[in-house]
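Pasted below: query-v5.csv, CSV, C-alpha atoms and all ligand atoms.
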```csv
chain,number,residue,atom,x,y,z
T,855,MET,CA,34.7,-6.3,15.9
T,856,ARG,CA,30.9,-6.0,15.4
T,857,SER,CA,29.5,-6.8,12.0
T,858,GLU,CA,26.9,-4.1,11.7
T,859,PHE,CA,27.6,-0.4,11.7
T,860,LEU,CA,26.3,1.4,14.8
T,861,ILE,CA,24.6,4.6,13.6
T,862,PHE,CA,25.4,7.6,15.7
T,863,GLY,CA,22.3,9.2,17.3
T,864,SER,CA,19.8,6.7,16.0
T,865,PRO,CA,16.6,7.2,18.0
T,866,ARG,CA,14.7,4.6,20.0
T,867,ILE,CA,11.2,4.3,18.5
T,868,ALA,CA,8.7,2.1,20.4
T,869,GLU,CA,5.6,0.3,19.0
T,870,ASP,CA,3.1,2.7,20.7
T,871,GLU,CA,4.8,5.7,19.0
T,872,ILE,CA,4.3,4.0,15.6
T,873,GLU,CA,0.6,3.3,16.6
T,874,GLU,CA,0.0,6.9,17.6
T,875,VAL,CA,1.4,8.1,14.2
T,876,VAL,CA,-0.8,5.6,12.4
T,877,SER,CA,-3.9,6.6,14.3
T,878,CYS,CA,-3.1,10.3,13.6
T,879,LEU,CA,-2.9,9.4,9.9
T,880,ARG,CA,-6.2,7.6,10.1
T,881,SER,CA,-7.9,10.5,12.0
T,882,GLY,CA,-7.9,12.7,8.9
T,883,TRP,CA,-6.2,15.6,10.8
T,884,ILE,CA,-2.4,15.5,10.3
T,885,GLY,CA,-1.6,19.2,10.2
T,886,THR,CA,-1.4,21.5,13.3
T,887,GLY,CA,-4.3,20.5,15.5
T,888,PRO,CA,-5.4,18.8,18.7
T,889,ARG,CA,-2.2,16.6,19.1
T,890,VAL,CA,0.0,19.7,18.9
T,891,ALA,CA,-2.1,21.4,21.5
T,892,GLU,CA,-1.8,18.4,23.8
T,893,PHE,CA,1.9,18.1,23.2
T,894,GLU,CA,2.3,21.8,24.2
T,895,ARG,CA,0.3,21.2,27.4
T,896,ARG,CA,2.4,18.0,28.2
T,897,VAL,CA,5.7,19.7,27.6
T,898,ALA,CA,4.7,22.7,29.7
T,899,ALA,CA,3.6,20.4,32.5
T,900,TYR,CA,6.8,18.3,32.3
T,901,LYS,CA,8.9,21.5,32.5
T,902,GLY,CA,6.7,23.3,35.1
T,903,ALA,CA,6.3,26.2,32.6
T,904,GLU,CA,3.3,28.5,32.1
T,905,HIS,CA,3.3,28.6,28.3
T,906,ALA,CA,4.6,26.3,25.6
T,907,VAL,CA,4.5,27.0,21.8
T,908,ALA,CA,5.3,24.2,19.4
T,909,VAL,CA,7.2,25.0,16.2
T,910,ASN,CA,8.9,22.9,13.5
T,911,SER,CA,12.5,23.2,14.8
T,912,CYS,CA,14.7,24.6,17.6
T,913,THR,CA,16.1,26.9,14.9
T,914,ALA,CA,12.6,28.4,14.4
T,915,ALA,CA,12.2,28.5,18.2
T,916,LEU,CA,15.3,30.6,18.6
T,917,HIS,CA,14.5,32.9,15.7
T,918,LEU,CA,11.0,33.6,16.9
T,919,SER,CA,12.1,34.1,20.5
T,920,ILE,CA,14.6,36.7,19.4
T,921,LEU,CA,12.0,38.5,17.4
T,922,ALA,CA,9.4,38.3,20.2
T,923,ALA,CA,11.9,39.8,22.6
T,924,GLY,CA,12.0,42.8,20.3
T,925,ILE,CA,15.6,42.2,19.2
T,926,GLY,CA,16.7,43.2,15.7
T,927,PRO,CA,19.1,45.3,13.7
T,928,GLY,CA,21.7,47.2,15.8
T,929,ASP,CA,21.2,44.8,18.8
T,930,GLU,CA,23.8,42.4,20.0
T,931,VAL,CA,23.2,38.9,21.5
T,932,ILE,CA,25.9,37.2,23.4
T,933,THR,CA,26.3,33.4,22.9
T,934,THR,CA,28.8,30.6,23.0
T,935,PRO,CA,31.3,29.6,20.2
T,936,LEU,CA,30.8,25.9,21.1
T,937,THR,CA,27.4,25.3,19.6
T,938,PHE,CA,25.6,24.3,16.5
T,939,CYS,CA,25.5,26.9,13.7
T,940,ALA,CA,21.7,27.3,14.2
T,941,THR,CA,22.2,29.2,17.4
T,942,VAL,CA,24.0,32.1,15.7
T,943,ASN,CA,22.1,31.8,12.4
T,944,ALA,CA,18.9,32.5,14.3
T,945,ILE,CA,20.4,35.7,15.7
T,946,LEU,CA,21.5,36.7,12.1
T,947,HIS,CA,18.1,35.9,10.7
T,948,ALA,CA,16.5,38.2,13.2
T,949,GLY,CA,18.8,40.9,11.9
T,950,ALA,CA,20.8,41.2,15.1
T,951,THR,CA,24.6,40.7,15.7
T,952,PRO,CA,25.9,37.6,17.4
T,953,VAL,CA,28.8,38.2,19.8
T,954,LEU,CA,30.7,35.3,21.2
T,955,ALA,CA,32.0,34.8,24.8
T,956,ASP,CA,34.4,31.9,25.3
T,957,VAL,CA,33.5,28.8,27.3
T,958,ASP,CA,34.8,27.5,30.6
T,959,PRO,CA,37.3,24.8,29.8
T,960,VAL,CA,35.9,22.3,32.3
T,961,SER,CA,32.1,22.7,31.9
T,962,MET,CA,32.5,23.7,28.1
T,963,ASN,CA,29.6,26.1,28.8
T,964,ILE,CA,29.6,29.8,28.3
T,965,ASP,CA,31.7,31.5,31.0
T,966,PRO,CA,29.8,34.4,32.8
T,967,GLU,CA,33.1,36.3,33.2
T,968,GLN,CA,33.7,36.2,29.5
T,969,VAL,CA,30.1,37.3,28.9
T,970,GLN,CA,30.5,40.3,31.2
T,971,ALA,CA,33.6,41.4,29.2
T,972,LYS,CA,31.5,41.4,26.0
T,973,ILE,CA,28.5,43.5,27.3
T,974,THR,CA,28.1,46.8,25.5
T,975,PRO,CA,25.3,49.4,25.4
T,976,ARG,CA,24.0,47.5,22.3
T,977,THR,CA,23.7,44.1,24.2
T,978,LYS,CA,20.1,43.0,24.4
T,979,ALA,CA,20.2,39.3,25.3
T,980,ILE,CA,22.3,36.4,26.5
T,981,LEU,CA,21.8,33.1,24.7
T,982,PRO,CA,23.3,30.3,26.7
T,983,VAL,CA,23.4,26.7,25.4
T,984,HIS,CA,23.3,23.9,27.9
T,985,PHE,CA,26.1,22.1,26.1
T,986,ALA,CA,25.7,18.3,26.0
T,987,GLY,CA,22.9,18.6,28.6
T,988,ARG,CA,25.1,20.2,31.3
T,989,ALA,CA,23.5,23.1,33.0
T,990,CYS,CA,25.1,26.5,32.4
T,991,ALA,CA,26.2,28.7,35.3
T,992,MET,CA,22.8,30.3,35.5
T,993,THR,CA,23.3,32.2,38.8
T,994,GLY,CA,26.1,34.3,37.2
T,995,LEU,CA,24.2,34.7,33.9
T,996,CYS,CA,21.0,35.7,35.6
T,997,GLN,CA,22.9,38.3,37.7
T,998,LEU,CA,24.4,39.8,34.6
T,999,ALA,CA,21.0,39.8,32.9
T,1000,ALA,CA,19.4,41.6,35.9
T,1001,THR,CA,22.2,44.1,36.2
T,1002,HIS,CA,22.3,45.0,32.5
T,1003,ASN,CA,18.6,44.6,31.8
T,1004,LEU,CA,19.1,41.7,29.3
T,1005,THR,CA,16.7,39.1,28.1
T,1006,ILE,CA,17.8,35.4,28.6
T,1007,ILE,CA,16.9,33.0,25.8
T,1008,GLU,CA,18.1,29.5,26.6
T,1009,ASP,CA,19.1,27.0,23.9
T,1010,CYS,CA,17.9,23.8,25.5
T,1011,ALA,CA,18.3,21.6,22.4
T,1012,HIS,CA,20.4,19.2,24.5
T,1013,ALA,CA,18.7,19.8,27.8
T,1014,ILE,CA,15.0,18.8,28.1
T,1015,GLU,CA,15.8,16.9,31.4
T,1016,THR,CA,18.4,19.4,32.7
T,1017,THR,CA,17.9,21.2,36.0
T,1018,TYR,CA,20.0,23.8,37.9
T,1019,GLN,CA,19.5,24.4,41.6
T,1020,GLY,CA,16.1,22.8,41.5
T,1021,ARG,CA,14.9,24.9,38.5
T,1022,THR,CA,14.5,23.3,35.0
T,1023,ALA,CA,16.5,24.4,32.0
T,1024,GLY,CA,14.4,26.7,29.8
T,1025,THR,CA,12.6,28.5,32.7
T,1026,PHE,CA,15.4,30.9,33.8
T,1027,GLY,CA,14.7,33.7,31.3
T,1028,ASP,CA,11.8,34.8,29.1
T,1029,PHE,CA,12.3,32.1,26.5
T,1030,GLY,CA,13.5,28.4,26.5
T,1031,CYS,CA,14.0,26.7,23.2
T,1032,PHE,CA,13.9,22.9,22.6
T,1033,SER,CA,14.7,20.6,19.7
T,1034,PHE,CA,13.0,17.4,18.8
T,1035,TYR,CA,15.3,16.6,15.9
T,1036,VAL,CA,16.0,12.9,15.3
T,1037,THR,CA,19.2,12.8,17.4
T,1038,LYS,CA,17.8,14.7,20.4
T,1039,ASN,CA,16.6,13.3,23.7
T,1040,VAL,CA,12.9,13.5,22.8
T,1041,ILE,CA,12.1,13.4,19.1
T,1042,THR,CA,9.4,14.2,16.6
T,1043,GLY,CA,11.6,13.9,13.5
T,1044,GLU,CA,11.8,17.6,13.0
T,1045,GLY,CA,10.3,19.8,15.8
T,1046,GLY,CA,10.8,22.4,18.4
T,1047,MET,CA,9.2,24.1,21.4
T,1048,ILE,CA,9.4,27.5,23.1
T,1049,LEU,CA,8.7,27.9,26.8
T,1050,ALA,CA,7.6,31.5,27.4
T,1051,ARG,CA,7.2,33.1,30.8
T,1052,LYS,CA,4.9,35.9,29.7
T,1053,PRO,CA,1.5,35.3,28.2
T,1054,GLU,CA,1.9,38.2,25.7
T,1055,HIS,CA,5.1,36.6,24.4
T,1056,ALA,CA,3.4,33.2,24.0
T,1057,ALA,CA,0.6,34.9,22.0
T,1058,ARG,CA,3.0,36.7,19.8
T,1059,LEU,CA,5.0,33.5,19.2
T,1060,LYS,CA,1.9,31.7,18.0
T,1061,VAL,CA,1.1,34.4,15.5
T,1062,LEU,CA,4.6,34.6,14.3
T,1063,ALA,CA,4.8,30.8,13.9
T,1064,LEU,CA,1.8,30.7,11.5
T,1065,HIS,CA,2.1,33.4,8.8
T,1066,GLY,CA,1.3,36.2,11.2
T,1067,MET,CA,-2.4,35.1,11.2
T,1068,SER,CA,-4.6,35.9,14.2
T,1069,SER,CA,-4.2,33.2,16.8
T,1070,ASP,CA,-5.7,29.8,16.6
T,1071,ALA,CA,-6.1,30.2,12.9
T,1072,TRP,CA,-5.5,26.4,12.6
T,1073,LYS,CA,-9.0,26.0,14.0
T,1074,ARG,CA,-10.6,27.5,11.0
T,1075,PHE,CA,-11.5,24.1,9.4
T,1076,GLY,CA,-12.7,22.5,12.6
T,1077,ASP,CA,-16.2,21.4,13.6
T,1078,GLU,CA,-17.0,24.8,15.2
T,1079,GLY,CA,-17.5,26.2,11.7
T,1080,TYR,CA,-15.3,28.2,9.4
T,1081,LYS,CA,-13.5,31.1,11.1
T,1082,HIS,CA,-11.9,34.0,9.3
T,1083,TYR,CA,-8.3,34.7,10.1
T,1084,LEU,CA,-6.8,38.1,9.9
T,1085,VAL,CA,-3.1,38.7,9.1
T,1086,THR,CA,-1.6,41.0,11.6
T,1087,GLU,CA,2.1,40.8,10.5
T,1088,ALA,CA,4.4,39.0,8.0
T,1089,GLY,CA,4.9,35.8,10.0
T,1090,PHE,CA,6.7,32.6,9.2
T,1091,LYS,CA,5.7,29.0,8.3
T,1092,TYR,CA,7.1,27.4,11.5
T,1093,ASN,CA,4.1,25.4,12.8
T,1094,MET,CA,4.4,21.8,14.1
T,1095,MET,CA,2.2,19.1,12.6
T,1096,ASP,CA,-0.1,16.7,14.5
T,1097,LEU,CA,1.8,13.9,12.8
T,1098,GLN,CA,5.0,15.1,14.5
T,1099,ALA,CA,3.3,15.7,17.8
T,1100,ALA,CA,1.9,12.1,17.7
T,1101,LEU,CA,5.4,10.9,17.9
T,1102,GLY,CA,6.4,13.5,20.5
T,1103,LEU,CA,3.5,12.6,22.8
T,1104,ARG,CA,4.5,9.0,23.1
T,1105,GLN,CA,8.2,9.9,23.2
T,1106,LEU,CA,7.5,12.3,26.1
T,1107,ASP,CA,5.9,9.4,28.1
T,1108,LYS,CA,9.4,7.8,28.1
T,1109,VAL,CA,11.6,10.9,28.7
T,1110,GLU,CA,12.6,9.8,32.2
T,1111,GLU,CA,13.0,6.1,31.3
T,1112,TYR,CA,15.3,7.1,28.4
T,1113,TRP,CA,17.2,9.5,30.6
T,1114,HIS,CA,17.9,6.8,33.1
T,1115,ARG,CA,19.1,4.5,30.3
T,1116,ARG,CA,21.5,7.2,29.0
T,1117,ALA,CA,22.7,7.9,32.6
T,1118,GLU,CA,23.5,4.2,32.9
T,1119,ILE,CA,25.5,4.2,29.6
T,1120,TRP,CA,27.3,7.4,30.7
T,1121,ALA,CA,28.4,5.8,33.9
T,1122,ARG,CA,29.5,2.7,32.1
T,1123,TYR,CA,31.7,4.8,29.7
T,1124,MET,CA,33.1,6.8,32.7
T,1125,ASP,CA,34.1,3.6,34.4
T,1126,ALA,CA,35.5,1.7,31.4
T,1127,LEU,CA,37.5,4.6,29.8
T,1128,SER,CA,38.9,6.3,32.9
T,1129,ASP,CA,42.4,4.7,32.5
T,1130,LEU,CA,42.8,5.8,28.9
T,1131,PRO,CA,44.8,9.0,27.9
T,1132,LEU,CA,41.6,10.8,27.0
T,1133,GLU,CA,39.8,13.7,28.7
T,1134,LEU,CA,36.4,12.5,29.9
T,1135,PRO,CA,33.5,14.8,30.8
T,1136,ALA,CA,33.8,16.6,34.1
T,1137,PRO,CA,31.8,15.4,37.1
T,1138,VAL,CA,28.2,16.7,37.1
T,1139,GLU,CA,28.1,19.8,39.2
T,1140,PRO,CA,26.3,19.5,42.6
T,1141,ASP,CA,22.7,20.6,42.7
T,1142,THR,CA,22.3,20.1,38.9
T,1143,ARG,CA,20.9,17.4,36.7
T,1144,HIS,CA,22.7,16.6,33.5
T,1145,GLY,CA,20.6,15.9,30.5
T,1146,TYR,CA,23.1,13.2,29.2
T,1147,HIS,CA,22.6,14.2,25.6
T,1148,LEU,CA,26.3,13.9,24.4
T,1149,PHE,CA,29.1,11.8,25.9
T,1150,THR,CA,32.2,13.7,24.7
T,1151,VAL,CA,35.9,12.8,24.9
T,1152,LEU,CA,38.8,15.1,24.1
T,1153,VAL,CA,41.5,13.4,22.0
T,1154,GLU,CA,44.8,15.3,22.4
T,1155,GLU,CA,47.2,13.9,19.8
T,1156,GLU,CA,50.4,13.9,21.9
T,1157,ARG,CA,48.7,12.2,24.8
T,1158,ALA,CA,46.4,9.8,23.0
T,1159,GLY,CA,48.8,8.8,20.3
T,1160,ILE,CA,46.3,9.6,17.6
T,1161,SER,CA,44.8,12.8,16.2
T,1162,ARG,CA,41.2,13.6,16.6
T,1163,ASP,CA,40.4,13.2,12.9
T,1164,ALA,CA,42.3,9.9,12.8
T,1165,PHE,CA,40.3,8.8,15.8
T,1166,LEU,CA,37.1,9.5,14.0
T,1167,GLY,CA,38.3,7.4,11.0
T,1168,ALA,CA,39.5,4.6,13.2
T,1169,MET,CA,36.2,4.4,15.1
T,1170,THR,CA,34.3,4.3,11.8
T,1171,ALA,CA,36.6,1.5,10.7
T,1172,GLN,CA,35.6,-0.3,13.9
T,1173,LYS,CA,31.9,0.1,12.8
T,1174,ILE,CA,31.1,2.7,15.5
T,1175,GLY,CA,29.4,5.9,14.4
T,1176,VAL,CA,30.9,9.0,16.0
T,1177,GLY,CA,30.1,12.7,15.9
T,1178,VAL,CA,31.8,16.1,16.4
T,1179,HIS,CA,29.9,18.6,18.6
T,1180,TYR,CA,31.3,21.1,17.6
T,1181,LEU,CA,34.1,22.7,15.7
T,1182,SER,CA,34.0,26.2,17.3
T,1183,LEU,CA,31.9,28.5,15.2
T,1184,PRO,CA,34.8,30.9,14.3
T,1185,GLU,CA,36.4,28.0,12.3
T,1186,HIS,CA,33.7,28.4,9.6
T,1187,PRO,CA,34.4,30.7,6.6
T,1188,TYR,CA,31.0,32.4,6.6
T,1189,TYR,CA,31.4,33.8,10.1
T,1190,GLN,CA,35.0,34.7,9.5
T,1191,GLU,CA,34.1,36.7,6.4
T,1192,ARG,CA,30.9,38.3,7.7
T,1193,LEU,CA,31.7,38.9,11.3
T,1194,GLY,CA,35.5,38.8,11.4
T,1195,TRP,CA,35.6,35.9,13.9
T,1196,LYS,CA,38.9,34.1,14.4
T,1197,PRO,CA,39.3,30.8,16.3
T,1198,GLU,CA,42.2,32.0,18.3
T,1199,ASP,CA,40.1,34.8,19.9
T,1200,TYR,CA,38.2,32.0,21.7
T,1201,PRO,CA,41.0,29.7,22.8
T,1202,GLN,CA,39.0,27.3,25.0
T,1203,ALA,CA,36.4,26.7,22.3
T,1204,LYS,CA,39.1,26.4,19.7
T,1205,ARG,CA,41.0,23.7,21.6
T,1206,ILE,CA,37.9,21.8,22.6
T,1207,GLY,CA,36.5,22.0,19.1
T,1208,ARG,CA,39.7,20.5,17.6
T,1209,GLN,CA,39.9,17.7,20.1
T,1210,ILE,CA,36.2,16.7,20.8
T,1211,VAL,CA,34.5,13.5,19.7
T,1212,SER,CA,31.0,12.4,20.7
T,1213,LEU,CA,30.5,8.7,21.4
T,1214,PRO,CA,27.0,7.1,20.8
T,1215,LEU,CA,24.6,7.7,23.7
T,1216,SER,CA,21.2,6.9,22.5
T,1217,ALA,CA,18.7,5.1,24.8
T,1218,LYS,CA,18.4,2.6,21.9
T,1219,LEU,CA,21.9,1.2,22.6
T,1220,THR,CA,22.0,-2.3,23.9
T,1221,ASP,CA,24.5,-3.5,26.5
T,1222,GLN,CA,26.4,-5.2,23.7
T,1223,ASP,CA,26.5,-1.9,21.7
T,1224,VAL,CA,28.0,-0.1,24.6
T,1225,ALA,CA,30.5,-2.9,25.1
T,1226,ASP,CA,31.4,-2.6,21.4
T,1227,VAL,CA,31.9,1.2,21.7
T,1228,ILE,CA,34.2,0.7,24.7
T,1229,GLU,CA,36.2,-2.0,23.0
T,1230,ALA,CA,36.6,0.1,19.9
T,1231,VAL,CA,37.9,3.1,21.9
T,1232,ARG,CA,40.3,0.9,23.7
T,1233,THR,CA,41.6,-0.5,20.4
T,1234,VAL,CA,42.0,2.9,18.8
T,1235,VAL,CA,43.7,4.8,21.7
T,1236,ARG,CA,47.2,4.3,22.9
T,1237,ARG,CA,47.3,2.3,26.2
U,1301,LIG,C1,20.1,20.6,17.2
U,1301,LIG,C2,20.5,22.0,17.8
U,1301,LIG,C3,19.8,23.1,17.4
U,1301,LIG,C4,18.8,23.1,16.2
U,1301,LIG,O1,17.8,22.3,16.4
U,1301,LIG,P1,16.8,22.0,15.2
U,1301,LIG,O2,15.6,21.5,15.9
U,1301,LIG,O3,17.5,21.0,14.3
U,1301,LIG,O4,16.6,23.3,14.5
U,1301,LIG,C5,20.1,24.3,18.0
U,1301,LIG,N1,21.0,24.4,19.0
U,1301,LIG,C6,21.7,23.3,19.4
U,1301,LIG,C7,22.7,23.5,20.5
U,1301,LIG,C8,21.5,22.1,18.8
U,1301,LIG,O5,22.2,21.0,19.2
```

Output the file's structure in the form of structure tokens.
Amino acid sequence: MRSEFLIFGSPRIAEDEIEEVVSCLRSGWIGTGPRVAEFERRVAAYKGAEHAVAVNSCTAALHLSILAAGIGPGDEVITTPLTFCATVNAILHAGATPVLADVDPVSMNIDPEQVQAKITPRTKAILPVHFAGRACAMTGLCQLAATHNLTIIEDCAHAIETTYQGRTAGTFGDFGCFSFYVTKNVITGEGGMILARKPEHAARLKVLALHGMSSDAWKRFGDEGYKHYLVTEAGFKYNMMDLQAALGLRQLDKVEEYWHRRAEIWARYMDALSDLPLELPAPVEPDTRHGYHLFTVLVEEERAGISRDAFLGAMTAQKIGVGVHYLSLPEHPYYQERLGWKPEDYPQAKRIGRQIVSLPLSAKLTDQDVADVIEAVRTVVRR
């Protein structure tokens, strides 16, 4: 057994990232400024998008996208039960009502047929999550959106590298939301980005993200002289700092390199765990690119000889950090009480959420780390 605990989701930080952060500190401008503007341009270029607006989290990105889409009280937004709580909290914060559509049991992504069954006259948007980095069935979702005149807001927190039929995740609808939280594929510590298709949406997002002040208010202390700002609505404090963008800029340089490393680890796990009584991720769908954000296994007690929760404990005892992404949202008391959700109404997400475990998949992992994870799983599971 290894001697040091392997922290789940620990990010790979290179020397040039540290240097960029230090040089940002020395520059005297650490708040929202030129590095954020450059990071927005770089992410837009990487994604092939027209407009990118940086914010301080993906939660903020989702919240502002829903507001900018004009969605609010009385409106319904359809999303997946197999996601992080932030996805539905953002809908609630906008005053709208989240409606869940169950996932496909193989892809673990929202099932377009289930979405169709949940559309009502109040439905205003579909909010798909590219779970684990696997592209959602965008053809079906886009058809539904076109037929029923719905906005698509993509939660791409796992999916910066993901593509579907040649198009990149986050560019299918009006808004694509990204996370640069410490465990994600590209990190800024805390951070997020919104890709917007329409220039008027991008402009509104910028205003909403900084107190509702007229755009480019951050320039008011620059060398072009003091500029007055005018408040045009009650906005939010959701702006990204240059200090965060400094890290993001140098991280983005390595997005493909790190993706290749995670693809390598993924292939290694698929190969080394295939004979065990666990359900491994489905093959990547043709004409898509997986973001390889999470490597998940399903632990079914009767088959694996161990319950999911015992598996989590046994892996920890083997000094391997593991995660659960996610217990289905209807398992949580708040949503049960406020929205009347019941796990059994979303049977696929319920089953997956009670069996799923994420193994470490950071680009930081060494070959020895990967071998240690494999050895631990093989020790813990019945053979
Ligand atoms: C991490 C995550 C979020 C929230 O991202 P933050 O940047 O931490 O706000 C939203 N949705 C999903 C699917 C996530 O994994």

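Residues of protein, DNA or RNA lying at most 8 Å from ligand LIG 1301 (chain U), when only C-alpha atoms and all ligand atoms are considered, are Asn910, Ser911, Cys912, Thr913, Ala914, Ala915, Leu916, Thr937, Phe938, Cys939, Ala940, Thr941, Val983, His984, Phe985, Asp1009, Cys1010, Ala1011, His1012, Phe1032, Ser1033, Phe1034, Tyr1035, Thr1037, Lys1038, Glu1044, Gly1045 and Gly1046 of chain T.
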
Pick from T:Ala1230, T:Ile867, T:Ala1117, T:Leu1183, whichever lies nearest to T:Leu1215 using only C-alpha atoms:
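Going through T:Ala1230, T:Ile867, T:Ala1117, T:Leu1183 one by one, the smallest distance to T:Leu1215 is for T:Ala1117.
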
Shortest interatomic distance to T:Val960 - which of T:Leu1166, T:Leu1193, T:Cys990, T:Val1153, counting all atoms listed in the file:
T:Cys990

If you count only C-alpha atoms, the residue of T:Gln997, T:Met992, T:Gly902, T:Gly1030 closest to T:His917 turns out to be T:Gly1030

Interatomic distance, atom CA of T:Cys878 to atom CA of T:Met1047 (Å, one decimal):
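Straight-line distance from atom CA of T:Cys878 to atom CA of T:Met1047 works out to 20.1 Å.
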
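Reported to one decimal place, the separation of atom CA of T:Tyr1123 from atom CA of T:Ala1013 is 19.9 Å.
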
Given all atoms listed in the file as the counted atoms, nearest of T:Ile884, T:Gly1043, T:Ser961, T:Leu1181 to T:Asp1163:
T:Leu1181

Would you mind telling me which residue in T:Ile925, T:Leu954, T:Ala906, T:Leu946 lies nearest to T:Ala1203 when using only C-alpha atoms?
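Looking only at the distances to T:Ala1203, the closest residue turns out to be T:Leu954.
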
List the neighbours of T:Ala1057 out to 12 Å using all atoms listed in the file; skip same-chain residues closer than 3 positions along the sequence, and give me the result as a list in words.
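My list of contacting residues is His905, Ala906, Val907, Ala908, Leu918, Ser919, Ala922, Ile1048, Leu1049, Ala1050, Arg1051, Lys1052, Pro1053, Glu1054, Lys1060, Val1061, Leu1062, Ala1063, Leu1064, Gly1066, Met1067, Ser1068, Ser1069 and Asp1070 of chain T.
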
Calculated over all atoms listed in the file, which of the candidates T:Gly987, T:Gly949, T:Gly1027, T:Pro935 has the smallest distance to T:Asp1199?
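Distance minimum relative to T:Asp1199 lands on T:Pro935.
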
Quick one: pull the distance between atom CA of T:Val1178 and atom CA of T:Lys1218, Å, one decimal.
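Atom CA of T:Lys1218 lies at a distance of 19.8 Å from atom CA of T:Val1178.
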
Determine, counting only C-alpha atoms, every residue of protein, DNA or RNA that lies within 8 Å of (20.4, 19.0, 37.3) in the file coordinates, then give the result as an MDAnalysis selection string.
chainID T and resid 988:989 1015:1020 1022 1139:1145

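When the distance limit is 9 Å and only C-alpha atoms are what count, the residues near T:Gly887, minus those fewer than 4 positions from it on the same chain, are Trp883, Ala891, Glu892, Trp1072, Lys1073, Met1094, Met1095 and Asp1096 of chain T.
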
Counting only C-alpha atoms, note down every residue that has an atom within 9 Å of the point (37.6, 23.6, 22.7) (file coordinates), as a list in words.
Leu936, Val957, Pro959, Met962, Leu1152, Tyr1180, Leu1181, Ser1182, Tyr1200, Pro1201, Gln1202, Ala1203, Lys1204, Arg1205, Ile1206, Gly1207, Arg1208, Gln1209 and Ile1210 of chain T
